[in-house]
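**Student:** For reference, this is query_23.pdb, and it has PDB, C-alpha atoms.
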ATOM      1  CA  MET A 155       2.232   2.555 -14.177  1.00  0.00           C
ATOM      2  CA  PHE A 156      -1.041   3.876 -12.679  1.00  0.00           C
ATOM      3  CA  ASN A 157      -3.130   1.606 -14.920  1.00  0.00           C
ATOM      4  CA  SER A 158      -1.051  -1.377 -13.834  1.00  0.00           C
ATOM      5  CA  ILE A 159      -1.950  -0.807 -10.171  1.00  0.00           C
ATOM      6  CA  VAL A 160      -5.633  -0.364 -11.080  1.00  0.00           C
ATOM      7  CA  GLU A 161      -5.528  -3.626 -13.017  1.00  0.00           C
ATOM      8  CA  ASP A 162      -3.861  -5.410 -10.085  1.00  0.00           C
ATOM      9  CA  ILE A 163      -6.526  -4.125  -7.679  1.00  0.00           C
ATOM     10  CA  ASP A 164      -9.259  -5.188 -10.107  1.00  0.00           C
ATOM     11  CA  ASN A 165      -7.697  -8.665 -10.249  1.00  0.00           C
ATOM     12  CA  TRP A 166      -7.627  -8.716  -6.441  1.00  0.00           C
ATOM     13  CA  ILE A 167     -11.343  -7.889  -6.363  1.00  0.00           C
ATOM     14  CA  LYS A 168     -11.959 -10.763  -8.783  1.00  0.00           C
ATOM     15  CA  ARG A 169      -9.828 -13.034  -6.543  1.00  0.00           C
ATOM     16  CA  GLU A 170      -7.316 -13.586  -9.333  1.00  0.00           C
ATOM     17  CA  GLN A 171      -4.299 -12.316  -7.363  1.00  0.00           C
ATOM     18  CA  TRP A 172      -3.228 -10.828  -4.028  1.00  0.00           C
ATOM     19  CA  ILE A 173      -3.583  -7.100  -3.450  1.00  0.00           C
ATOM     20  CA  PRO A 174      -0.422  -5.179  -4.423  1.00  0.00           C
ATOM     21  CA  ARG A 175       2.004  -4.441  -1.591  1.00  0.00           C
ATOM     22  CA  ILE A 176       1.561  -1.041   0.043  1.00  0.00           C
ATOM     23  CA  GLU A 177       5.077   0.001  -1.010  1.00  0.00           C
ATOM     24  CA  ARG A 178       4.167  -0.467  -4.680  1.00  0.00           C
ATOM     25  CA  ILE A 179       0.894   1.423  -4.301  1.00  0.00           C
ATOM     26  CA  LEU A 180       2.694   4.307  -2.565  1.00  0.00           C
ATOM     27  CA  ARG A 181       5.409   4.416  -5.241  1.00  0.00           C
ATOM     28  CA  VAL A 182       2.739   4.714  -7.944  1.00  0.00           C
ATOM     29  CA  LEU A 183       0.930   7.475  -6.030  1.00  0.00           C
ATOM     30  CA  LYS A 184       4.200   9.327  -5.463  1.00  0.00           C
ATOM     31  CA  GLU A 185       5.333   9.115  -9.093  1.00  0.00           C
ATOM     32  CA  SER A 186       2.038   9.392 -10.973  1.00  0.00           C
ATOM     33  CA  GLU A 187       1.459  12.684 -12.764  1.00  0.00           C
ATOM     34  CA  SER A 188      -2.127  12.821 -11.481  1.00  0.00           C
ATOM     35  CA  THR A 189      -1.343  12.237  -7.781  1.00  0.00           C
ATOM     36  CA  ARG A 190       2.221  13.369  -7.146  1.00  0.00           C
ATOM     37  CA  TYR A 191       1.208  16.892  -6.056  1.00  0.00           C
ATOM     38  CA  ILE A 192      -1.318  15.758  -3.446  1.00  0.00           C
ATOM     39  CA  TYR A 193       0.885  12.881  -2.258  1.00  0.00           C
ATOM     40  CA  PRO A 194       3.101  14.990   0.072  1.00  0.00           C
ATOM     41  CA  PHE A 195       0.115  16.157   2.163  1.00  0.00           C
ATOM     42  CA  PHE A 196      -0.210  12.723   3.781  1.00  0.00           C
ATOM     43  CA  ASN A 197       2.308  11.038   6.062  1.00  0.00           C
ATOM     44  CA  TRP A 198       2.357   7.839   4.021  1.00  0.00           C
ATOM     45  CA  ASP A 199       5.505   6.104   5.147  1.00  0.00           C
ATOM     46  CA  SER A 200       4.823   6.117   8.868  1.00  0.00           C
ATOM     47  CA  THR A 201       1.246   7.008   9.757  1.00  0.00           C
ATOM     48  CA  LEU A 202      -0.515   5.221   6.904  1.00  0.00           C
ATOM     49  CA  LYS A 203       1.502   2.042   7.332  1.00  0.00           C
ATOM     50  CA  LYS A 204       0.916   2.049  11.092  1.00  0.00           C
ATOM     51  CA  HIS A 205      -2.818   2.662  10.614  1.00  0.00           C
ATOM     52  CA  ARG A 206      -3.036  -0.124   8.067  1.00  0.00           C
ATOM     53  CA  ASP A 207      -1.202  -2.563  10.346  1.00  0.00           C
ATOM     54  CA  ILE A 208      -3.522  -1.785  13.280  1.00  0.00           C
ATOM     55  CA  LEU A 209      -6.686  -2.174  11.204  1.00  0.00           C
ATOM     56  CA  ASP A 210      -5.311  -5.274   9.484  1.00  0.00           C
ATOM     57  CA  GLY A 211      -4.674  -6.799  12.915  1.00  0.00           C
ATOM     58  CA  MET A 212      -8.285  -6.122  13.902  1.00  0.00           C
ATOM     59  CA  VAL A 213      -9.769  -7.566  10.728  1.00  0.00           C
ATOM     60  CA  HIS A 214      -7.665 -10.720  10.858  1.00  0.00           C
ATOM     61  CA  THR A 215      -7.817 -10.946  14.666  1.00  0.00           C
ATOM     62  CA  SER A 216      -4.077 -11.536  14.684  1.00  0.00           C
ATOM     63  CA  SER A 217      -3.819 -11.470  18.463  1.00  0.00           C
ATOM     64  CA  PHE A 218      -5.852 -12.866  21.334  1.00  0.00           C
ATOM     65  CA  SER A 219      -6.602  -9.356  22.618  1.00  0.00           C
ATOM     66  CA  ASN A 220      -8.072  -8.454  19.199  1.00  0.00           C
ATOM     67  CA  ILE A 221     -10.297 -11.533  19.338  1.00  0.00           C
ATOM     68  CA  LEU A 222     -11.537 -10.457  22.770  1.00  0.00           C
ATOM     69  CA  MET A 223     -11.980  -6.868  21.573  1.00  0.00           C
ATOM     70  CA  ASN A 224     -14.292  -8.131  18.818  1.00  0.00           C
ATOM     71  CA  CYS A 225     -16.441 -10.134  21.242  1.00  0.00           C
ATOM     72  CA  LYS A 226     -19.018  -7.851  22.840  1.00  0.00           C
ATOM     73  CA  ASP A 227     -19.904 -10.404  25.517  1.00  0.00           C
ATOM     74  CA  VAL A 228     -16.400 -10.431  27.007  1.00  0.00           C
ATOM     75  CA  GLU A 229     -15.435  -7.574  29.319  1.00  0.00           C
ATOM     76  CA  THR A 230     -12.099  -6.130  28.213  1.00  0.00           C
ATOM     77  CA  VAL A 231      -9.923  -3.364  29.540  1.00  0.00           C
ATOM     78  CA  ASN A 232      -9.877  -0.149  27.502  1.00  0.00           C
ATOM     79  CA  ARG A 233     -12.376  -1.321  24.867  1.00  0.00           C
ATOM     80  CA  GLN A 234     -13.831   2.178  24.501  1.00  0.00           C
ATOM     81  CA  GLN A 235     -10.373   3.735  24.173  1.00  0.00           C
ATOM     82  CA  HIS A 236      -9.478   1.143  21.558  1.00  0.00           C
ATOM     83  CA  LEU A 237     -12.686   1.829  19.607  1.00  0.00           C
ATOM     84  CA  ASP A 238     -12.060   5.573  19.832  1.00  0.00           C
ATOM     85  CA  ASN A 239      -8.572   5.027  18.389  1.00  0.00           C
ATOM     86  CA  ILE A 240      -9.990   2.977  15.519  1.00  0.00           C
ATOM     87  CA  PHE A 241     -12.496   5.777  14.859  1.00  0.00           C
ATOM     88  CA  VAL A 242      -9.586   8.231  14.515  1.00  0.00           C
ATOM     89  CA  LEU A 243      -7.832   5.873  12.080  1.00  0.00           C
ATOM     90  CA  LEU A 244     -10.965   5.481   9.981  1.00  0.00           C
ATOM     91  CA  LYS A 245     -11.479   9.260   9.925  1.00  0.00           C
ATOM     92  CA  ASP A 246      -7.910   9.635   8.650  1.00  0.00           C
ATOM     93  CA  PHE A 247      -8.552   7.120   5.870  1.00  0.00           C
ATOM     94  CA  PHE A 248     -11.830   8.825   4.977  1.00  0.00           C
ATOM     95  CA  THR A 249     -10.103  12.222   4.844  1.00  0.00           C
ATOM     96  CA  LEU A 250      -7.428  10.814   2.565  1.00  0.00           C
ATOM     97  CA  HIS A 251     -10.012   9.140   0.314  1.00  0.00           C
ATOM     98  CA  LEU A 252     -12.195  12.260   0.139  1.00  0.00           C
ATOM     99  CA  ALA A 253      -9.204  14.485  -0.667  1.00  0.00           C
ATOM    100  CA  PHE A 254      -8.278  12.198  -3.545  1.00  0.00           C
ATOM    101  CA  ILE A 255     -11.841  12.272  -4.889  1.00  0.00           C
ATOM    102  CA  PHE A 256     -11.884  16.078  -4.773  1.00  0.00           C
ATOM    103  CA  HIS A 257      -8.490  16.093  -6.495  1.00  0.00           C
ATOM    104  CA  LEU A 258      -9.010  13.399  -9.136  1.00  0.00           C
ATOM    105  CA  ASN A 259     -12.769  13.152  -9.734  1.00  0.00           C
ATOM    106  CA  SER A 260     -14.434  16.249  -8.339  1.00  0.00           C
ATOM    107  CA  HIS A 261     -17.308  15.778 -10.798  1.00  0.00           C
ATOM    108  CA  TYR A 262     -18.478  12.915  -8.529  1.00  0.00           C
ATOM    109  CA  LEU A 263     -19.176  15.568  -5.876  1.00  0.00           C
ATOM    110  CA  MET A 264     -20.946  18.041  -8.145  1.00  0.00           C
ATOM    111  CA  ALA A 265     -24.466  19.234  -7.322  1.00  0.00           C
ATOM    112  CA  THR A 266     -27.191  17.890  -9.609  1.00  0.00           C
ATOM    113  CA  ASP A 267     -28.344  21.355 -10.677  1.00  0.00           C
ATOM    114  CA  TYR A 268     -26.524  21.232 -14.026  1.00  0.00           C
ATOM    115  CA  THR A 269     -27.972  17.873 -15.064  1.00  0.00           C
ATOM    116  CA  ASP A 270     -31.392  18.813 -13.659  1.00  0.00           C
ATOM    117  CA  TYR A 271     -31.511  21.815 -16.010  1.00  0.00           C
ATOM    118  CA  MET A 272     -30.404  19.645 -18.933  1.00  0.00           C
ATOM    119  CA  ASP A 273     -32.981  16.944 -18.087  1.00  0.00           C
ATOM    120  CA  VAL A 274     -35.843  19.432 -18.381  1.00  0.00           C
ATOM    121  CA  GLY A 275     -34.464  20.926 -21.600  1.00  0.00           C
ATOM    122  CA  MET A 276     -33.240  24.187 -20.106  1.00  0.00           C
ATOM    123  CA  THR A 277     -29.841  25.810 -20.478  1.00  0.00           C
ATOM    124  CA  PRO A 278     -28.003  25.719 -17.143  1.00  0.00           C
ATOM    125  CA  PRO A 279     -26.983  29.103 -15.742  1.00  0.00           C
ATOM    126  CA  GLU A 280     -23.328  30.108 -16.026  1.00  0.00           C
ATOM    127  CA  GLY A 281     -21.233  28.477 -13.293  1.00  0.00           C
ATOM    128  CA  CYS A 282     -23.856  25.895 -12.426  1.00  0.00           C
ATOM    129  CA  GLU A 283     -21.386  23.123 -13.332  1.00  0.00           C
ATOM    130  CA  ARG A 284     -19.134  24.230 -10.455  1.00  0.00           C
ATOM    131  CA  LEU A 285     -21.727  23.878  -7.689  1.00  0.00           C
ATOM    132  CA  VAL A 286     -20.801  21.351  -5.042  1.00  0.00           C
ATOM    133  CA  ALA A 287     -23.346  18.872  -3.689  1.00  0.00           C
ATOM    134  CA  PRO A 288     -24.459  19.705  -0.133  1.00  0.00           C
ATOM    135  CA  TYR A 289     -23.249  16.329   1.219  1.00  0.00           C
ATOM    136  CA  ALA A 290     -19.833  16.922  -0.383  1.00  0.00           C
ATOM    137  CA  GLN A 291     -19.588  20.438   1.084  1.00  0.00           C
ATOM    138  CA  HIS A 292     -20.475  19.005   4.495  1.00  0.00           C
ATOM    139  CA  ALA A 293     -17.822  16.275   4.123  1.00  0.00           C
ATOM    140  CA  TYR A 294     -15.264  18.887   3.025  1.00  0.00           C
ATOM    141  CA  ASP A 295     -16.091  21.080   6.037  1.00  0.00           C
ATOM    142  CA  THR A 296     -15.967  18.154   8.445  1.00  0.00           C
ATOM    143  CA  TYR A 297     -12.956  16.170   7.229  1.00  0.00           C
ATOM    144  CA  ILE A 298     -10.812  18.264   4.882  1.00  0.00           C
ATOM    145  CA  LYS A 299     -11.136  21.775   6.301  1.00  0.00           C
ATOM    146  CA  PRO A 300      -9.517  20.966   9.686  1.00  0.00           C
ATOM    147  CA  HIS A 301      -6.341  20.230   7.702  1.00  0.00           C
ATOM    148  CA  ALA A 302      -5.638  23.745   6.416  1.00  0.00           C
ATOM    149  CA  HIS A 303      -2.831  22.759   4.031  1.00  0.00           C
ATOM    150  CA  ILE A 304      -4.941  20.049   2.363  1.00  0.00           C
ATOM    151  CA  ALA A 305      -8.004  22.311   2.250  1.00  0.00           C
ATOM    152  CA  ALA A 306      -6.025  25.109   0.572  1.00  0.00           C
ATOM    153  CA  TYR A 307      -4.669  22.708  -2.041  1.00  0.00           C
ATOM    154  CA  ILE A 308      -8.121  21.238  -2.768  1.00  0.00           C
ATOM    155  CA  LYS A 309      -9.734  24.688  -3.043  1.00  0.00           C
ATOM    156  CA  GLU A 310      -7.033  25.831  -5.453  1.00  0.00           C
ATOM    157  CA  HIS A 311      -7.101  22.749  -7.694  1.00  0.00           C
ATOM    158  CA  CYS A 312     -10.710  21.557  -7.498  1.00  0.00           C
ATOM    159  CA  SER A 313     -13.106  22.537 -10.274  1.00  0.00           C
ATOM    160  CA  LEU A 314     -15.963  22.965  -7.782  1.00  0.00           C
ATOM    161  CA  ASP A 315     -16.791  26.144  -5.873  1.00  0.00           C
ATOM    162  CA  LEU A 316     -16.255  25.045  -2.294  1.00  0.00           C
ATOM    163  CA  GLU A 317     -17.702  27.357   0.334  1.00  0.00           C
ATOM    164  CA  ASP A 318     -15.388  29.065   2.815  1.00  0.00           C
ATOM    165  CA  ALA A 319     -17.791  29.000   5.737  1.00  0.00           C
ATOM    166  CA  CYS A 320     -19.095  25.810   7.328  1.00  0.00           C
ATOM    167  CA  GLN A 321     -22.790  25.353   6.678  1.00  0.00           C
TER     168      GLN A 321
END
Go ahead and express the file in the form of structure tokens.

**Tutor:**
Amino acid sequence: MFNSIVEDIDNWIKREQWIPRIERILRVLKESESTRYIYPFFNWDSTLKKHRDILDGMVHTSSFSNILMNCKDVETVNRQQHLDNIFVLLKDFFTLHLAFIFHLNSHYLMATDYTDYMDVGMTPPEGCERLVAPYAQHAYDTYIKPHAHIAAYIKEHCSLDLEDACQ
């Protein structure tokens, strides 16, 4: 099931088919063995769909006000408020994406110390493979940590040693 969605998204990237419907993607995330435990931490059915609809409307300029909002030379009411709202939506998507990387592929966020030792022919010190890259720790502190329930889950299930204190 999970591989089927990945294949469909790959075909979308290659312009061979339309992107799968959000309902199908969510069903796969909810039922997949690798994502079903992190799935409940995000308000998928309401917040994610609403966020996606708002951003989709901006990208496709599906209303006249969105066209005006995208034109910097036209004075519009509440442009800054609208941009601030979009920033919040994008932060939410980034938080979701980052949480899934920590959960599914934490090795992407590993510090280079382990491979640096190996590259110079040295044996890495014990635990070196669990060091988190500074940029990843910063992202965790900034985006994941404010959501205590997600942060606790990531810390418990991630193979990296995430710091407790913000750096």

**Student:** When you count only C-alpha atoms, which of these residues is closest to Leu237 (chain A): A:Leu209, A:Asn157, A:Ile192, A:Leu252?

**Tutor:**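 Of A:Leu209, A:Asn157, A:Ile192, A:Leu252, the one nearest Leu237 (chain A) is A:Leu209, counting only C-alpha atoms.
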
**Student:** What residues come out when you apply the PyMOL selection byres ((chain A and resi 264) around 10) to this file, written as a VMD selection string?

**Tutor:** chain A and resid 256 259 to 263 265 to 269 282 to 291 313 to 315

**Student:** Could you check how far CA of Ser188 (chain A) sits from CA of Asp295 (chain A), in Å to one decimal?

**Tutor:**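 Going from CA of Ser188 (chain A) over to CA of Asp295 (chain A) covers 23.9 Å.
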
**Student:** For CA of Ala305 (chain A) and CA of Ser200 (chain A), determine how far apart the two atoms are, in Å to one decimal place.

**Tutor:**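 The value is 21.7 Å.
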
**Student:** Which of these, A:His257, A:Asn224, A:Ile240, A:His301, has the shortest distance to Tyr193 (chain A) once you count all atoms listed in the file?

**Tutor:**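 Looking only at the distances to Tyr193 (chain A), the closest residue turns out to be A:His257.
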
**Student:** As a check of understanding, name the residues that the PyMOL selection byres ((chain A and resi 205) around 12) selects in the supplied structure, as a list in words.

**Tutor:**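 Against this file, the PyMOL selection byres ((chain A and resi 205) around 12) returns the residues Asn197, Trp198, Asp199, Ser200, Thr201, Leu202, Lys203, Lys204, Arg206, Asp207, Ile208, Leu209, Asp210, Gly211, Met212, Asn239, Ile240, Phe241, Val242, Leu243, Leu244, Lys245, Asp246 and Phe247 of chain A.
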
**Student:** Which distance in Å separates CA of Glu185 (chain A) and CA of Ala306 (chain A), to one decimal?

**Tutor:**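 Here the two named atoms are 21.9 Å from each other.
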
**Student:** Skip Glu161 (chain A) itself and residues of its chain fewer than 3 positions away, then list as a PyMOL selection string all residues within 12 Å of it, counting only C-alpha atoms.

**Tutor:** chain A and resi 155-158+164-168+170-174+179

**Student:** List as a list in words: which residues have an atom within 9 Å of (-10.1, 23.2, -0.8), counting all atoms listed in the file?

**Tutor:**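 Every residue inside that radius is included here: Ala253, Phe256, Tyr294, Ile298, Lys299, Ala302, His303, Ile304, Ala305, Ala306, Tyr307, Ile308, Lys309, Glu310, His311, Cys312, Asp315, Leu316, Glu317 and Asp318 of chain A.
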
**Student:** Please determine, counting only C-alpha atoms, which residue among A:Met276, A:Val231, A:Leu250, A:Ile176 has the shortest atom-to-atom distance to Phe196 (chain A).

**Tutor:**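 Distance minimum relative to Phe196 (chain A) lands on A:Leu250.
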
**Student:** Given all atoms listed in the file as the basis, pick out the residue of A:Ala293, A:His236, A:Phe254, A:Ile163 nearest to Leu183 (chain A).

**Tutor:**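 Residue with the minimum atom-to-atom distance to Leu183 (chain A): A:Phe254.
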
**Student:** For Arg175 (chain A), which residue among A:Ile159, A:His292, A:Tyr271, A:Asp227 is the nearest when counting all atoms listed in the file?

**Tutor:**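 Looking only at the distances to Arg175 (chain A), the closest residue turns out to be A:Ile159.
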